[in-house]
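Engineer: structure-v2.cif is reproduced in full below (mmCIF, C-alpha atoms and all ligand atoms).
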data_query
#
loop_
_atom_site.label_atom_id
_atom_site.label_comp_id
_atom_site.auth_asym_id
_atom_site.auth_seq_id
_atom_site.Cartn_x
_atom_site.Cartn_y
_atom_site.Cartn_z
CA MET A 176 82.84 104.67 112.19
CA LYS A 177 85.60 103.80 114.65
CA GLN A 178 85.96 104.63 118.33
CA PHE A 179 89.10 104.98 120.40
CA SER A 180 90.19 105.79 123.94
CA LEU A 181 92.74 108.60 123.88
CA LYS A 182 95.88 108.85 126.01
CA ASP A 183 93.93 111.04 128.49
CA GLY A 184 90.93 108.68 128.58
CA GLN A 185 88.58 110.77 126.38
CA ARG A 186 86.52 108.89 123.78
CA LEU A 187 87.31 109.72 120.18
CA THR A 188 85.07 108.90 117.23
CA ILE A 189 86.36 108.91 113.66
CA ARG A 190 83.80 108.81 110.86
CA THR A 191 83.28 109.95 107.28
CA ALA A 192 81.99 113.51 106.96
CA LYS A 193 78.39 113.85 105.74
CA HIS A 194 76.83 116.87 104.10
CA GLU A 195 75.13 117.78 107.44
CA ASP A 196 78.65 118.42 108.80
CA ALA A 197 79.31 121.22 106.27
CA SER A 198 78.72 124.20 108.53
CA ASN A 199 80.60 122.77 111.55
CA LEU A 200 83.50 121.78 109.29
CA ILE A 201 83.77 125.28 107.81
CA ASN A 202 83.95 126.73 111.34
CA TYR A 203 86.52 124.12 112.37
CA VAL A 204 88.76 124.80 109.35
CA LYS A 205 88.52 128.58 109.83
CA LYS A 206 89.62 128.16 113.43
CA ILE A 207 92.58 125.83 112.88
CA GLY A 208 93.89 128.06 110.07
CA GLY A 209 94.68 130.62 112.77
CA GLU A 210 96.36 128.09 115.05
CA SER A 211 99.21 126.87 112.84
CA ASP A 212 101.58 128.35 110.26
CA TYR A 213 102.13 124.87 108.84
CA LEU A 214 98.79 124.79 107.05
CA THR A 215 98.36 126.11 103.50
CA PHE A 216 95.75 128.63 104.72
CA GLY A 217 95.51 131.14 107.57
CA GLU A 218 92.71 132.18 109.91
CA ASN A 219 89.47 132.96 108.05
CA GLU A 220 91.23 132.48 104.68
CA PHE A 221 89.04 129.50 104.00
CA GLU A 222 86.07 131.04 102.20
CA ILE A 223 83.40 128.62 101.04
CA THR A 224 79.62 128.65 101.26
CA VAL A 225 77.76 125.95 103.17
CA GLU A 226 76.17 124.82 99.87
CA LYS A 227 79.57 124.42 98.16
CA GLU A 228 80.97 122.59 101.18
CA GLU A 229 77.95 120.23 101.12
CA GLU A 230 78.60 119.50 97.44
CA LEU A 231 82.26 118.90 98.17
CA LEU A 232 81.49 116.46 100.99
CA GLU A 233 78.98 114.65 98.77
CA SER A 234 81.60 114.28 96.03
CA PHE A 235 83.95 112.66 98.55
CA LEU A 236 81.20 110.28 99.74
CA ILE A 237 80.40 108.91 96.29
CA SER A 238 83.99 108.50 95.13
CA ASP A 239 86.02 105.29 95.58
CA ASN A 240 89.35 107.16 95.73
CA LYS A 241 88.49 110.08 97.98
CA LEU A 242 88.04 110.19 101.73
CA TYR A 243 86.95 112.99 104.07
CA ILE A 244 86.92 112.00 107.73
CA ILE A 245 86.38 113.87 110.96
CA ALA A 246 87.49 113.15 114.51
CA GLU A 247 84.95 114.05 117.21
CA ILE A 248 84.95 114.26 121.00
CA ASP A 249 81.47 114.57 122.56
CA GLY A 250 80.06 115.48 119.13
CA LYS A 251 82.55 118.33 118.54
CA ILE A 252 84.97 118.27 115.59
CA VAL A 253 88.57 118.19 116.88
CA GLY A 254 90.38 116.92 113.79
CA SER A 255 89.97 116.13 110.12
CA LEU A 256 91.71 114.50 107.19
CA ASN A 257 90.96 114.56 103.50
CA PHE A 258 92.50 112.49 100.76
CA SER A 259 91.93 112.86 97.02
CA GLY A 260 93.02 110.35 94.41
CA GLY A 261 93.64 111.23 90.77
CA SER A 262 90.67 111.66 88.43
CA ARG A 263 92.19 109.71 85.51
CA GLN A 264 92.73 106.01 84.98
CA ARG A 265 96.50 106.36 85.12
CA THR A 266 96.52 108.34 88.39
CA LYS A 267 93.47 107.13 90.28
CA HIS A 268 95.58 104.70 92.36
CA THR A 269 97.47 107.54 94.03
CA GLY A 270 96.60 110.73 95.88
CA GLU A 271 97.53 113.22 98.54
CA PHE A 272 96.10 113.97 101.96
CA GLY A 273 96.02 116.84 104.43
CA VAL A 274 95.46 116.40 108.16
CA SER A 275 94.84 118.71 111.10
CA VAL A 276 93.97 118.54 114.78
CA GLU A 277 92.75 121.41 116.96
CA LYS A 278 95.75 122.65 118.92
CA LYS A 279 94.43 121.99 122.40
CA TYR A 280 94.10 118.28 121.46
CA TRP A 281 97.61 117.84 120.02
CA GLY A 282 99.72 114.97 121.35
CA LEU A 283 96.79 112.70 122.30
CA GLY A 284 97.10 110.39 119.31
CA ILE A 285 94.30 111.90 117.19
CA GLY A 286 96.56 112.63 114.17
CA ARG A 287 97.87 109.06 114.32
CA GLU A 288 94.35 107.56 114.42
CA LEU A 289 93.17 109.73 111.50
CA ILE A 290 96.10 108.59 109.33
CA ASN A 291 95.68 104.95 110.42
CA TYR A 292 92.02 105.18 109.39
CA LEU A 293 93.13 106.43 105.94
CA ILE A 294 95.65 103.59 105.56
CA ASP A 295 93.06 100.94 106.60
CA TRP A 296 90.48 102.40 104.20
CA ALA A 297 93.00 102.41 101.35
CA GLU A 298 94.06 98.82 102.05
CA GLU A 299 90.47 97.57 102.27
CA GLY A 300 89.35 99.46 99.12
CA ASP A 301 91.97 97.97 96.78
CA VAL A 302 91.97 101.13 94.61
CA ILE A 303 94.69 103.20 96.29
CA LYS A 304 98.21 101.83 96.01
CA LYS A 305 100.20 104.89 97.08
CA ILE A 306 99.52 107.68 99.60
CA ASN A 307 101.43 110.95 99.23
CA LEU A 308 101.72 114.12 101.27
CA ARG A 309 103.63 117.39 101.33
CA VAL A 310 104.83 118.86 104.59
CA ARG A 311 106.68 122.06 105.46
CA GLU A 312 110.37 121.19 105.96
CA ASP A 313 110.45 122.39 109.58
CA ASN A 314 107.19 120.73 110.75
CA LYS A 315 109.02 118.30 113.04
CA ARG A 316 105.92 117.02 114.83
CA ALA A 317 104.13 116.09 111.59
CA ILE A 318 107.25 114.60 109.95
CA GLY A 319 107.96 112.55 113.10
CA LEU A 320 104.42 111.20 113.06
CA TYR A 321 104.50 110.36 109.33
CA GLU A 322 107.82 108.52 109.72
CA LYS A 323 106.46 106.50 112.64
CA LEU A 324 103.58 105.43 110.40
CA GLY A 325 105.94 104.23 107.66
CA PHE A 326 106.00 107.22 105.28
CA LYS A 327 109.33 107.79 103.52
CA LYS A 328 110.85 111.07 102.37
CA GLU A 329 110.88 111.14 98.56
CA GLY A 330 111.93 114.64 97.59
CA VAL A 331 111.95 118.36 98.22
CA ILE A 332 110.06 121.17 96.48
CA SER A 333 111.82 124.46 97.11
CA ARG A 334 109.76 127.61 97.76
CA GLY A 335 106.64 125.46 98.03
CA PHE A 336 105.30 127.52 100.91
CA PHE A 337 105.25 131.25 101.62
CA VAL A 338 104.20 132.55 105.02
CA ASN A 339 105.16 135.57 107.18
CA ASP A 340 107.38 136.87 104.33
CA GLU A 341 109.48 133.70 104.18
CA TYR A 342 109.76 130.84 101.74
CA TYR A 343 109.90 127.25 102.96
CA SER A 344 110.47 124.01 101.10
CA PHE A 345 107.96 121.21 101.06
CA ILE A 346 109.15 117.70 101.77
CA CYS A 347 107.28 115.09 99.72
CA MET A 348 106.62 111.87 101.60
CA GLY A 349 104.86 108.71 100.53
CA LEU A 350 103.62 105.30 101.61
CA GLU A 351 103.33 102.43 99.15
CA LEU A 352 100.58 99.99 100.08
C1 LIG B 401 100.52 117.31 112.76
C2 LIG B 401 99.27 117.06 113.60
C3 LIG B 401 98.12 116.65 112.68
C4 LIG B 401 99.58 115.89 114.56
O1 LIG B 401 98.41 115.62 115.29
P1 LIG B 401 98.47 115.06 116.80
O2 LIG B 401 97.11 114.59 117.14
O3 LIG B 401 99.11 116.05 117.70
O4 LIG B 401 99.44 113.82 116.59
P2 LIG B 401 99.58 112.55 117.52
O5 LIG B 401 99.31 112.91 118.93
O6 LIG B 401 98.81 111.43 116.92
O7 LIG B 401 101.10 112.18 117.29
C5 LIG B 401 102.09 113.09 117.46
C6 LIG B 401 103.35 112.25 117.39
O8 LIG B 401 104.39 113.10 117.00
C7 LIG B 401 105.44 112.95 117.93
N1 LIG B 401 106.04 114.26 118.06
C8 LIG B 401 105.57 115.32 118.72
N2 LIG B 401 106.44 116.35 118.63
C9 LIG B 401 107.49 115.88 117.89
C10 LIG B 401 108.72 116.44 117.47
N3 LIG B 401 109.06 117.70 117.76
N4 LIG B 401 109.56 115.68 116.72
C11 LIG B 401 109.23 114.39 116.42
N5 LIG B 401 108.07 113.82 116.79
C12 LIG B 401 107.21 114.55 117.52
C13 LIG B 401 104.84 112.49 119.20
O9 LIG B 401 105.80 111.74 119.88
C14 LIG B 401 103.68 111.65 118.74
O10 LIG B 401 104.08 110.33 118.54
P3 LIG B 401 103.52 109.13 119.49
O11 LIG B 401 102.08 108.96 119.15
O12 LIG B 401 104.34 107.94 119.11
O13 LIG B 401 103.72 109.60 120.90
C15 LIG B 401 98.88 118.29 114.45
O14 LIG B 401 99.99 118.68 115.21
C16 LIG B 401 98.41 119.48 113.64
O15 LIG B 401 97.24 119.60 113.30
N6 LIG B 401 99.34 120.40 113.30
C17 LIG B 401 99.00 121.61 112.55
C18 LIG B 401 98.60 121.30 111.16
C19 LIG B 401 99.64 120.49 110.45
O16 LIG B 401 100.84 120.67 110.62
N7 LIG B 401 99.17 119.55 109.63
C20 LIG B 401 100.04 118.73 108.82
C21 LIG B 401 100.36 119.47 107.59
S1 LIG B 401 101.34 118.47 106.48
#
Any chance you could give the structure as structure tokens?
Structural biologist:
Amino acid sequence: MKQFSLKDGQRLTIRTAKHEDASNLINYVKKIGGESDYLTFGENEFEITVEKEEELLESFLISDNKLYIIAEIDGKIVGSLNFSGGSRQRTKHTGEFGVSVEKKYWGLGIGRELINYLIDWAEEGDVIKKINLRVREDNKRAIGLYEKLGFKKEGVISRGFFVNDEYYSFICMGLEL
């Protein structure tokens, strides 16, 4: 668990998600899906039972190359990040993450702290040697943040994303540790 003071003075806690967080996390993810067209799912498109979400969180907790963390203010989830490494010997050193912050908390540094937590965890664990991500080509805020944290653009996947009747490319970015 790590604690931070945000730009506006609020206290932020970042910690690994436990199975007791399942129901709050489902509600959080359903909500943020409706707040951004840059995510791979829309509002209420995220259908999972509490039991399945608990199992998923447990699988992250016991794995040495997976991480599911949540950012909280006053006990309320305001952001999350999950990273999954490969399941085979030849790919377990690398993986991809997704990150989100509730819209009303954007710009306070929460996304940055979540990604920094991932990088610290990866460096301390000595299993992960490369962190990857895919981001919609026009997601300037996210790309700007990733670049500030050292991620480099590695390639483009055309038609990776389809929303509101339009195709968008994904930019692949990565950080070697
Ligand atoms: C992307 C996201 C996680 C960032 O979270 P956040 O908490 O707002 O990010 P932070 O406040 O830590 O950092 C934002 C940084 O981007 C920068 N930024 C903001 N708008 C920008 C823009 N248009 N162009 C470039 N950089 C920009 C800010 O300057 C800030 O940098 P700083 O910390 O040096 O001031 C959040 O906006 C989000 O959840 N978006 C919707 C979901 C999403 O896009 N997820 C990523 C999918 S790949």
Engineer: As a PyMOL selection string, please: the residues near segment 196-202 of chain A (cut-off 10 Å, only C-alpha atoms, same-chain neighbours under 6 positions excluded).
Structural biologist: chain A and resi 219+221-233+245+251-255
Engineer: A:Lys278, A:Arg316, A:Arg311, A:Lys327: which is nearest Ser211 of chain A, counting only C-alpha atoms?
Structural biologist: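 Once distances to Ser211 of chain A are computed over only C-alpha atoms, the minimum belongs to A:Lys278.
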Engineer: Using all atoms listed in the file, which of A:Arg263, A:Arg287, A:Arg186, A:Lys193 sits nearest ligand LIG 401 (chain B)?
Structural biologist: A:Arg287
Engineer: Set up a box along x, y and z of the file covering all listed atoms of segment 246-255 of chain A, add 3 Å on every one of the six sides, and write the centre and edge lengths in Å to one decimal, as AutoDock Vina command-line options.
Structural biologist:
--center_x 85.2 --center_y 115.7 --center_z 116.3 --size_x 16.3 --size_y 11.2 --size_z 18.4
Engineer: Using only C-alpha atoms and all ligand atoms, which residue out of A:Lys279, A:Arg265, A:Arg309, A:Lys241 lies closest to ligand LIG 401 (chain B)?
Structural biologist: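 Comparing A:Lys279, A:Arg265, A:Arg309, A:Lys241 against ligand LIG 401 (chain B), the winner is A:Arg309.
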Engineer: Considering all atoms listed in the file, can you say which of A:Gly261, A:Thr269, A:Ala297, A:Glu288 comes closest to Leu242 of chain A?
Structural biologist: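 The shortest atom-to-atom distance to Leu242 of chain A comes from A:Ala297.
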Engineer: Produce as a list in words the set of residues near ligand LIG 401 (chain B), where near means within 6 Å with all atoms listed in the file considered.
Structural biologist: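 Going residue by residue within 6 Å of ligand LIG 401 (chain B), we get Ser211, Tyr213, Leu214, Gly273, Val274, Ser275, Val276, Trp281, Gly282, Leu283, Gly284, Ile285, Gly286, Arg287, Arg309, Val310, Lys315, Arg316, Ala317, Gly319 and Leu320 of chain A.
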Engineer: Excluding Leu308 of chain A and residues on its chain fewer than 6 positions from it, collect all residues at most 7 Å away from it, counting only C-alpha atoms, and give them as a ChimeraX atom specification.
Structural biologist: /A:271-272,347-349
Engineer: My list of candidates is A:His194, A:Val204, A:Asp212, A:Lys177. Which is closest to Val338 of chain A when distances are computed with all atoms listed in the file?
Structural biologist: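 Residue with the minimum atom-to-atom distance to Val338 of chain A: A:Asp212.
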Engineer: Rounded to one decimal place, report the atom CA of Glu341 of chain A-atom CA of Glu312 of chain A distance in Å.
Structural biologist: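 Taking atom CA of Glu341 of chain A and atom CA of Glu312 of chain A, their separation equals 12.7 Å.
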Engineer: Tell me which of A:Gly325, A:Ile244, A:Tyr280, A:Asp340 sits closest to Thr188 of chain A, counting all atoms listed in the file.
Structural biologist: A:Ile244
Engineer: Kindly provide, as a list of chain:residue names, the polymer residues lying within 9 Å of (84.5, 108.4, 110.4), counting all atoms listed in the file and using the coordinates exactly as they appear in the file.
Structural biologist: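 Collected hits near the coordinates: A:Met176, A:Lys177, A:Gln178, A:Thr188, A:Ile189, A:Arg190, A:Thr191, A:Ala192, A:Tyr243, A:Ile244, A:Ile245, A:Ala246, A:Glu247, A:Leu289, A:Tyr292.
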Engineer: Keeping C-alpha atoms for every residue in the selection just given, could you write it to a file as a compact mmCIF listing (two decimals), in the coordinates of the input?
Structural biologist:
# COMPACT_ATOMS: atom_id res chain seq x y z
CA MET A 176 82.84 104.67 112.19
CA LYS A 177 85.60 103.80 114.65
CA GLN A 178 85.96 104.63 118.33
CA THR A 188 85.07 108.90 117.23
CA ILE A 189 86.36 108.91 113.66
CA ARG A 190 83.80 108.81 110.86
CA THR A 191 83.28 109.95 107.28
CA ALA A 192 81.99 113.51 106.96
CA TYR A 243 86.95 112.99 104.07
CA ILE A 244 86.92 112.00 107.73
CA ILE A 245 86.38 113.87 110.96
CA ALA A 246 87.49 113.15 114.51
CA GLU A 247 84.95 114.05 117.21
CA LEU A 289 93.17 109.73 111.50
CA TYR A 292 92.02 105.18 109.39
Engineer: For the atom pair atom CA of Ile332 of chain A and atom CA of Ile346 of chain A, what is the interatomic distance in Å to one decimal place?
Structural biologist: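 Interatomic distance, atom CA of Ile332 of chain A to atom CA of Ile346 of chain A: 6.4 Å.
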Engineer: Report, in Å with one decimal, the straight-line distance from atom CA of Ile237 of chain A to atom CA of Lys304 of chain A.
Structural biologist: 19.2 Å
